[in-house]
Amino acid sequence: MNEFDDTHDDIEWVSKSEMKRDSHLLQAMGERLLGIKKSALAKFPLNDELLAAIEESKRIKSNEAMRRHLQYVGKIMRGSDIEGIQRELDRLDPSSELYLRVQNQAEYWREKLIKTDPAEAEWFETYPDTERQTFRNIVRAAKKEQPDDPAAPIAGGKNSKKLLKWIKEQLKK
């Protein structure tokens, strides 16, 4: 038998500095979670312990206690779905690429639905779970708001904004 055992070659060593950086990133992510409304938190892949810690933070007043609590939240987050949480945070952050992509896709669909009739059939092929009657009513109302000139840009009326909001909700599902 060899003096050197090759079984330890698969171990990935992490420096203490890297562990601290990761810890601080999780704390910062946890701090962002603390500022989100409870209704929006329902979309996040959070475990019960993390939800309880977020609720607990609402009653903390002392800065030092909040700092320690954020460390605790970061510790709990180590066992959570970090990628899923980050994805949901990006959907809420206007400066993120994911938010802009969803925005642009919603604008594209709104313009297409208002300006072309076959777009509704394409929408239902792409998103078959859509409630058809509500969808058609919103699209029809948004079309009525638009100017008669087909080359004119989309008018931002009440129903057009409602259609955009509805499309964004559908894209987030």
# chains A, B, ... in the order shown; residues from 1 in each chain; ligands from 1
>>> select_by_dssp(residues="chain A", states="helix (DSSP H, G or I)", output="PyMOL selection string")
chain A and resi 6-10+16-34+38-41+48-57+63-77+82-92+97-115+119-126+132-145+158-172
>>> residues_around(residues="stretch 143-156 of chain A", least_positions_apart="5", cutoff="8 Å", atoms="only C-alpha atoms", output="list in words")
Glu111, Ile114, Lys115 and Lys161 of chain A
>>> write_last_selection(atoms="all heavy atoms", output="PDB file, in the first residue's frame")
ATOM      1  N   GLU A 111     -47.255  44.820 -28.037  1.00  0.00           N
ATOM      2  CA  GLU A 111     -47.298  45.445 -29.364  1.00  0.00           C
ATOM      3  C   GLU A 111     -47.810  44.462 -30.409  1.00  0.00           C
ATOM      4  O   GLU A 111     -48.648  44.803 -31.247  1.00  0.00           O
ATOM      5  CB  GLU A 111     -45.906  45.938 -29.751  1.00  0.00           C
ATOM      6  CG  GLU A 111     -45.906  46.685 -31.068  1.00  0.00           C
ATOM      7  CD  GLU A 111     -44.573  47.345 -31.356  1.00  0.00           C
ATOM      8  OE1 GLU A 111     -43.780  47.554 -30.432  1.00  0.00           O
ATOM      9  OE2 GLU A 111     -44.346  47.655 -32.541  1.00  0.00           O
ATOM     10  N   ILE A 114     -51.619  43.851 -29.951  1.00  0.00           N
ATOM     11  CA  ILE A 114     -52.450  44.995 -30.323  1.00  0.00           C
ATOM     12  C   ILE A 114     -52.452  45.217 -31.835  1.00  0.00           C
ATOM     13  O   ILE A 114     -53.480  45.531 -32.426  1.00  0.00           O
ATOM     14  CB  ILE A 114     -51.985  46.265 -29.571  1.00  0.00           C
ATOM     15  CG1 ILE A 114     -52.367  46.137 -28.087  1.00  0.00           C
ATOM     16  CG2 ILE A 114     -52.585  47.519 -30.172  1.00  0.00           C
ATOM     17  CD1 ILE A 114     -51.857  47.257 -27.219  1.00  0.00           C
ATOM     18  N   LYS A 115     -51.321  45.003 -32.490  1.00  0.00           N
ATOM     19  CA  LYS A 115     -51.206  45.352 -33.911  1.00  0.00           C
ATOM     20  C   LYS A 115     -51.565  44.222 -34.864  1.00  0.00           C
ATOM     21  O   LYS A 115     -51.935  44.487 -36.003  1.00  0.00           O
ATOM     22  CB  LYS A 115     -49.799  45.853 -34.206  1.00  0.00           C
ATOM     23  CG  LYS A 115     -49.527  47.187 -33.533  1.00  0.00           C
ATOM     24  CD  LYS A 115     -48.341  47.858 -34.112  1.00  0.00           C
ATOM     25  CE  LYS A 115     -48.198  49.215 -33.438  1.00  0.00           C
ATOM     26  NZ  LYS A 115     -47.507  50.174 -34.227  1.00  0.00           N
ATOM     27  N   LYS A 161     -51.985  49.605 -20.516  1.00  0.00           N
ATOM     28  CA  LYS A 161     -51.150  49.365 -19.332  1.00  0.00           C
ATOM     29  C   LYS A 161     -51.617  48.116 -18.590  1.00  0.00           C
ATOM     30  O   LYS A 161     -50.806  47.337 -18.091  1.00  0.00           O
ATOM     31  CB  LYS A 161     -51.195  50.572 -18.404  1.00  0.00           C
ATOM     32  CG  LYS A 161     -50.473  51.781 -18.970  1.00  0.00           C
ATOM     33  CD  LYS A 161     -50.596  52.971 -18.062  1.00  0.00           C
ATOM     34  CE  LYS A 161     -49.937  54.189 -18.696  1.00  0.00           C
ATOM     35  NZ  LYS A 161     -50.111  55.389 -17.878  1.00  0.00           N
TER      36      LYS A 161
END
>>> residues_around(residues="stretch 85-97 of chain A", least_positions_apart="2", cutoff="9 Å", atoms="only C-alpha atoms", output="list in words")
Met29, Arg32, Leu33, Lys43, Phe44, Pro45, Leu46, Ser80, Asp81, Ile82, Glu83, Tyr99, Leu100, Arg101, Val102 and Lys172 of chain A
>>> atom_distance(atom1="atom CA of A:Pro128", atom2="atom CA of A:Ala42")
23.8 Å
>>> residues_around(residues="stretch 22-26 of chain A", least_positions_apart="5", cutoff="10 Å", atoms="only C-alpha atoms", output="count of residues only")
13
>>> atom_distance(atom1="atom CA of A:Glu49", atom2="atom CA of A:Arg21")
23.0 Å
>>> residues_around(residues="A:Lys168", least_positions_apart="6", cutoff="9 Å", atoms="only C-alpha atoms", output="VMD selection string")
chain A and resid 102 to 103 105 to 107
>>> write_last_selection(atoms="N, CA and C atoms", output="compact mmCIF listing (two decimals), in the first residue's frame")
# COMPACT_ATOMS: atom_id res chain seq x y z
N VAL A 102 -37.67 40.37 -19.08
CA VAL A 102 -39.11 40.18 -18.91
C VAL A 102 -39.87 41.42 -19.40
N GLN A 103 -39.34 42.61 -19.07
CA GLN A 103 -39.94 43.87 -19.51
C GLN A 103 -40.02 43.92 -21.04
N GLN A 105 -39.78 41.49 -23.22
CA GLN A 105 -40.64 40.45 -23.76
C GLN A 105 -42.11 40.83 -23.62
N ALA A 106 -42.47 41.43 -22.50
CA ALA A 106 -43.85 41.87 -22.29
C ALA A 106 -44.22 42.98 -23.27
N GLU A 107 -43.30 43.93 -23.47
CA GLU A 107 -43.54 45.01 -24.45
C GLU A 107 -43.72 44.43 -25.85
>>> atom_distance(atom1="atom CA of A:Tyr108", atom2="atom CA of A:Gln133")
21.2 Å
>>> closest_residue(among="A:Leu171, A:Trp166, A:Ala121, A:Lys112", to="A:Ile138", atoms="only C-alpha atoms")
A:Trp166
>>> closest_residue(among="A:Arg132, A:Arg140, A:Lys162, A:Lys38", to="A:Ile54", atoms="only C-alpha atoms")
A:Lys38
>>> decode(residues="stretch 137-152 of chain A", atoms="all heavy atoms", output="PDB file, in the first residue's frame")
ATOM      1  N   ASN A 137     -60.730  39.906 -23.631  1.00  0.00           N
ATOM      2  CA  ASN A 137     -61.368  41.170 -23.242  1.00  0.00           C
ATOM      3  C   ASN A 137     -60.332  42.269 -23.044  1.00  0.00           C
ATOM      4  O   ASN A 137     -60.538  43.410 -23.469  1.00  0.00           O
ATOM      5  CB  ASN A 137     -62.183  40.988 -21.962  1.00  0.00           C
ATOM      6  CG  ASN A 137     -63.441  40.178 -22.183  1.00  0.00           C
ATOM      7  OD1 ASN A 137     -63.927  40.068 -23.306  1.00  0.00           O
ATOM      8  ND2 ASN A 137     -63.961  39.598 -21.121  1.00  0.00           N
ATOM      9  N   ILE A 138     -59.230  41.944 -22.399  1.00  0.00           N
ATOM     10  CA  ILE A 138     -58.179  42.947 -22.166  1.00  0.00           C
ATOM     11  C   ILE A 138     -57.553  43.376 -23.482  1.00  0.00           C
ATOM     12  O   ILE A 138     -57.338  44.571 -23.715  1.00  0.00           O
ATOM     13  CB  ILE A 138     -57.110  42.387 -21.193  1.00  0.00           C
ATOM     14  CG1 ILE A 138     -57.718  42.151 -19.820  1.00  0.00           C
ATOM     15  CG2 ILE A 138     -55.927  43.334 -21.093  1.00  0.00           C
ATOM     16  CD1 ILE A 138     -56.805  41.408 -18.860  1.00  0.00           C
ATOM     17  N   VAL A 139     -57.279  42.413 -24.371  1.00  0.00           N
ATOM     18  CA  VAL A 139     -56.675  42.742 -25.668  1.00  0.00           C
ATOM     19  C   VAL A 139     -57.629  43.600 -26.490  1.00  0.00           C
ATOM     20  O   VAL A 139     -57.220  44.602 -27.095  1.00  0.00           O
ATOM     21  CB  VAL A 139     -56.278  41.456 -26.436  1.00  0.00           C
ATOM     22  CG1 VAL A 139     -55.857  41.782 -27.854  1.00  0.00           C
ATOM     23  CG2 VAL A 139     -55.168  40.728 -25.706  1.00  0.00           C
ATOM     24  N   ARG A 140     -58.903  43.246 -26.507  1.00  0.00           N
ATOM     25  CA  ARG A 140     -59.891  44.007 -27.280  1.00  0.00           C
ATOM     26  C   ARG A 140     -59.991  45.444 -26.767  1.00  0.00           C
ATOM     27  O   ARG A 140     -60.015  46.403 -27.550  1.00  0.00           O
ATOM     28  CB  ARG A 140     -61.263  43.321 -27.186  1.00  0.00           C
ATOM     29  CG  ARG A 140     -62.289  43.909 -28.134  1.00  0.00           C
ATOM     30  CD  ARG A 140     -63.636  43.179 -28.103  1.00  0.00           C
ATOM     31  NE  ARG A 140     -63.533  41.729 -28.082  1.00  0.00           N
ATOM     32  CZ  ARG A 140     -63.914  40.962 -27.046  1.00  0.00           C
ATOM     33  NH1 ARG A 140     -64.416  41.511 -25.955  1.00  0.00           N
ATOM     34  NH2 ARG A 140     -63.797  39.660 -27.094  1.00  0.00           N
ATOM     35  N   ALA A 141     -60.018  45.618 -25.457  1.00  0.00           N
ATOM     36  CA  ALA A 141     -60.099  46.963 -24.880  1.00  0.00           C
ATOM     37  C   ALA A 141     -58.845  47.773 -25.200  1.00  0.00           C
ATOM     38  O   ALA A 141     -58.926  48.977 -25.485  1.00  0.00           O
ATOM     39  CB  ALA A 141     -60.305  46.873 -23.377  1.00  0.00           C
ATOM     40  N   ALA A 142     -57.682  47.124 -25.187  1.00  0.00           N
ATOM     41  CA  ALA A 142     -56.431  47.824 -25.502  1.00  0.00           C
ATOM     42  C   ALA A 142     -56.389  48.219 -26.976  1.00  0.00           C
ATOM     43  O   ALA A 142     -55.883  49.293 -27.324  1.00  0.00           O
ATOM     44  CB  ALA A 142     -55.236  46.948 -25.161  1.00  0.00           C
ATOM     45  N   LYS A 143     -56.944  47.385 -27.857  1.00  0.00           N
ATOM     46  CA  LYS A 143     -56.980  47.712 -29.289  1.00  0.00           C
ATOM     47  C   LYS A 143     -57.862  48.920 -29.555  1.00  0.00           C
ATOM     48  O   LYS A 143     -57.571  49.737 -30.428  1.00  0.00           O
ATOM     49  CB  LYS A 143     -57.491  46.516 -30.103  1.00  0.00           C
ATOM     50  CG  LYS A 143     -56.465  45.433 -30.299  1.00  0.00           C
ATOM     51  CD  LYS A 143     -57.031  44.303 -31.140  1.00  0.00           C
ATOM     52  CE  LYS A 143     -56.002  43.222 -31.378  1.00  0.00           C
ATOM     53  NZ  LYS A 143     -56.524  42.142 -32.222  1.00  0.00           N
ATOM     54  N   LYS A 144     -58.960  49.050 -28.804  1.00  0.00           N
ATOM     55  CA  LYS A 144     -59.875  50.181 -29.000  1.00  0.00           C
ATOM     56  C   LYS A 144     -59.227  51.507 -28.633  1.00  0.00           C
ATOM     57  O   LYS A 144     -59.603  52.549 -29.161  1.00  0.00           O
ATOM     58  CB  LYS A 144     -61.144  49.978 -28.167  1.00  0.00           C
ATOM     59  CG  LYS A 144     -62.050  48.914 -28.711  1.00  0.00           C
ATOM     60  CD  LYS A 144     -63.285  48.779 -27.844  1.00  0.00           C
ATOM     61  CE  LYS A 144     -64.173  47.655 -28.351  1.00  0.00           C
ATOM     62  NZ  LYS A 144     -65.358  47.474 -27.500  1.00  0.00           N
ATOM     63  N   GLU A 145     -58.272  51.499 -27.734  1.00  0.00           N
ATOM     64  CA  GLU A 145     -57.599  52.730 -27.305  1.00  0.00           C
ATOM     65  C   GLU A 145     -56.594  53.256 -28.330  1.00  0.00           C
ATOM     66  O   GLU A 145     -56.191  54.406 -28.256  1.00  0.00           O
ATOM     67  CB  GLU A 145     -56.815  52.490 -26.007  1.00  0.00           C
ATOM     68  CG  GLU A 145     -57.643  52.280 -24.804  1.00  0.00           C
ATOM     69  CD  GLU A 145     -56.770  52.053 -23.583  1.00  0.00           C
ATOM     70  OE1 GLU A 145     -55.601  51.686 -23.712  1.00  0.00           O
ATOM     71  OE2 GLU A 145     -57.298  52.254 -22.482  1.00  0.00           O
ATOM     72  N   GLN A 146     -56.192  52.400 -29.249  1.00  0.00           N
ATOM     73  CA  GLN A 146     -55.102  52.748 -30.153  1.00  0.00           C
ATOM     74  C   GLN A 146     -55.573  53.671 -31.285  1.00  0.00           C
ATOM     75  O   GLN A 146     -56.727  53.629 -31.700  1.00  0.00           O
ATOM     76  CB  GLN A 146     -54.484  51.479 -30.743  1.00  0.00           C
ATOM     77  CG  GLN A 146     -53.950  50.540 -29.691  1.00  0.00           C
ATOM     78  CD  GLN A 146     -53.024  51.210 -28.703  1.00  0.00           C
ATOM     79  OE1 GLN A 146     -52.117  51.929 -29.087  1.00  0.00           O
ATOM     80  NE2 GLN A 146     -53.265  50.980 -27.414  1.00  0.00           N
ATOM     81  N   PRO A 147     -54.669  54.508 -31.794  1.00  0.00           N
ATOM     82  CA  PRO A 147     -55.015  55.378 -32.920  1.00  0.00           C
ATOM     83  C   PRO A 147     -55.278  54.552 -34.179  1.00  0.00           C
ATOM     84  O   PRO A 147     -54.842  53.412 -34.290  1.00  0.00           O
ATOM     85  CB  PRO A 147     -53.780  56.271 -33.090  1.00  0.00           C
ATOM     86  CG  PRO A 147     -52.677  55.574 -32.367  1.00  0.00           C
ATOM     87  CD  PRO A 147     -53.307  54.705 -31.341  1.00  0.00           C
ATOM     88  N   ASP A 148     -55.994  55.136 -35.133  1.00  0.00           N
ATOM     89  CA  ASP A 148     -56.354  54.430 -36.361  1.00  0.00           C
ATOM     90  C   ASP A 148     -55.150  54.168 -37.262  1.00  0.00           C
ATOM     91  O   ASP A 148     -55.167  53.237 -38.057  1.00  0.00           O
ATOM     92  CB  ASP A 148     -57.415  55.225 -37.134  1.00  0.00           C
ATOM     93  CG  ASP A 148     -58.738  55.271 -36.372  1.00  0.00           C
ATOM     94  OD1 ASP A 148     -59.008  54.318 -35.619  1.00  0.00           O
ATOM     95  OD2 ASP A 148     -59.483  56.253 -36.553  1.00  0.00           O
ATOM     96  N   ASP A 149     -54.131  54.989 -37.157  1.00  0.00           N
ATOM     97  CA  ASP A 149     -52.936  54.844 -37.984  1.00  0.00           C
ATOM     98  C   ASP A 149     -52.114  53.643 -37.500  1.00  0.00           C
ATOM     99  O   ASP A 149     -51.616  53.636 -36.376  1.00  0.00           O
ATOM    100  CB  ASP A 149     -52.095  56.124 -37.910  1.00  0.00           C
ATOM    101  CG  ASP A 149     -50.871  56.075 -38.792  1.00  0.00           C
ATOM    102  OD1 ASP A 149     -50.847  55.234 -39.726  1.00  0.00           O
ATOM    103  OD2 ASP A 149     -49.949  56.871 -38.550  1.00  0.00           O
ATOM    104  N   PRO A 150     -51.944  52.597 -38.338  1.00  0.00           N
ATOM    105  CA  PRO A 150     -51.194  51.423 -37.884  1.00  0.00           C
ATOM    106  C   PRO A 150     -49.697  51.691 -37.672  1.00  0.00           C
ATOM    107  O   PRO A 150     -49.033  50.944 -36.954  1.00  0.00           O
ATOM    108  CB  PRO A 150     -51.402  50.399 -39.000  1.00  0.00           C
ATOM    109  CG  PRO A 150     -51.919  51.143 -40.160  1.00  0.00           C
ATOM    110  CD  PRO A 150     -52.496  52.426 -39.668  1.00  0.00           C
ATOM    111  N   ALA A 151     -49.170  52.748 -38.258  1.00  0.00           N
ATOM    112  CA  ALA A 151     -47.752  53.069 -38.101  1.00  0.00           C
ATOM    113  C   ALA A 151     -47.484  53.839 -36.804  1.00  0.00           C
ATOM    114  O   ALA A 151     -46.334  53.996 -36.402  1.00  0.00           O
ATOM    115  CB  ALA A 151     -47.267  53.876 -39.288  1.00  0.00           C
ATOM    116  N   ALA A 152     -48.547  54.323 -36.178  1.00  0.00           N
ATOM    117  CA  ALA A 152     -48.385  55.105 -34.943  1.00  0.00           C
ATOM    118  C   ALA A 152     -47.921  54.190 -33.806  1.00  0.00           C
ATOM    119  O   ALA A 152     -48.242  53.000 -33.770  1.00  0.00           O
ATOM    120  CB  ALA A 152     -49.708  55.772 -34.574  1.00  0.00           C
TER     121      ALA A 152
END
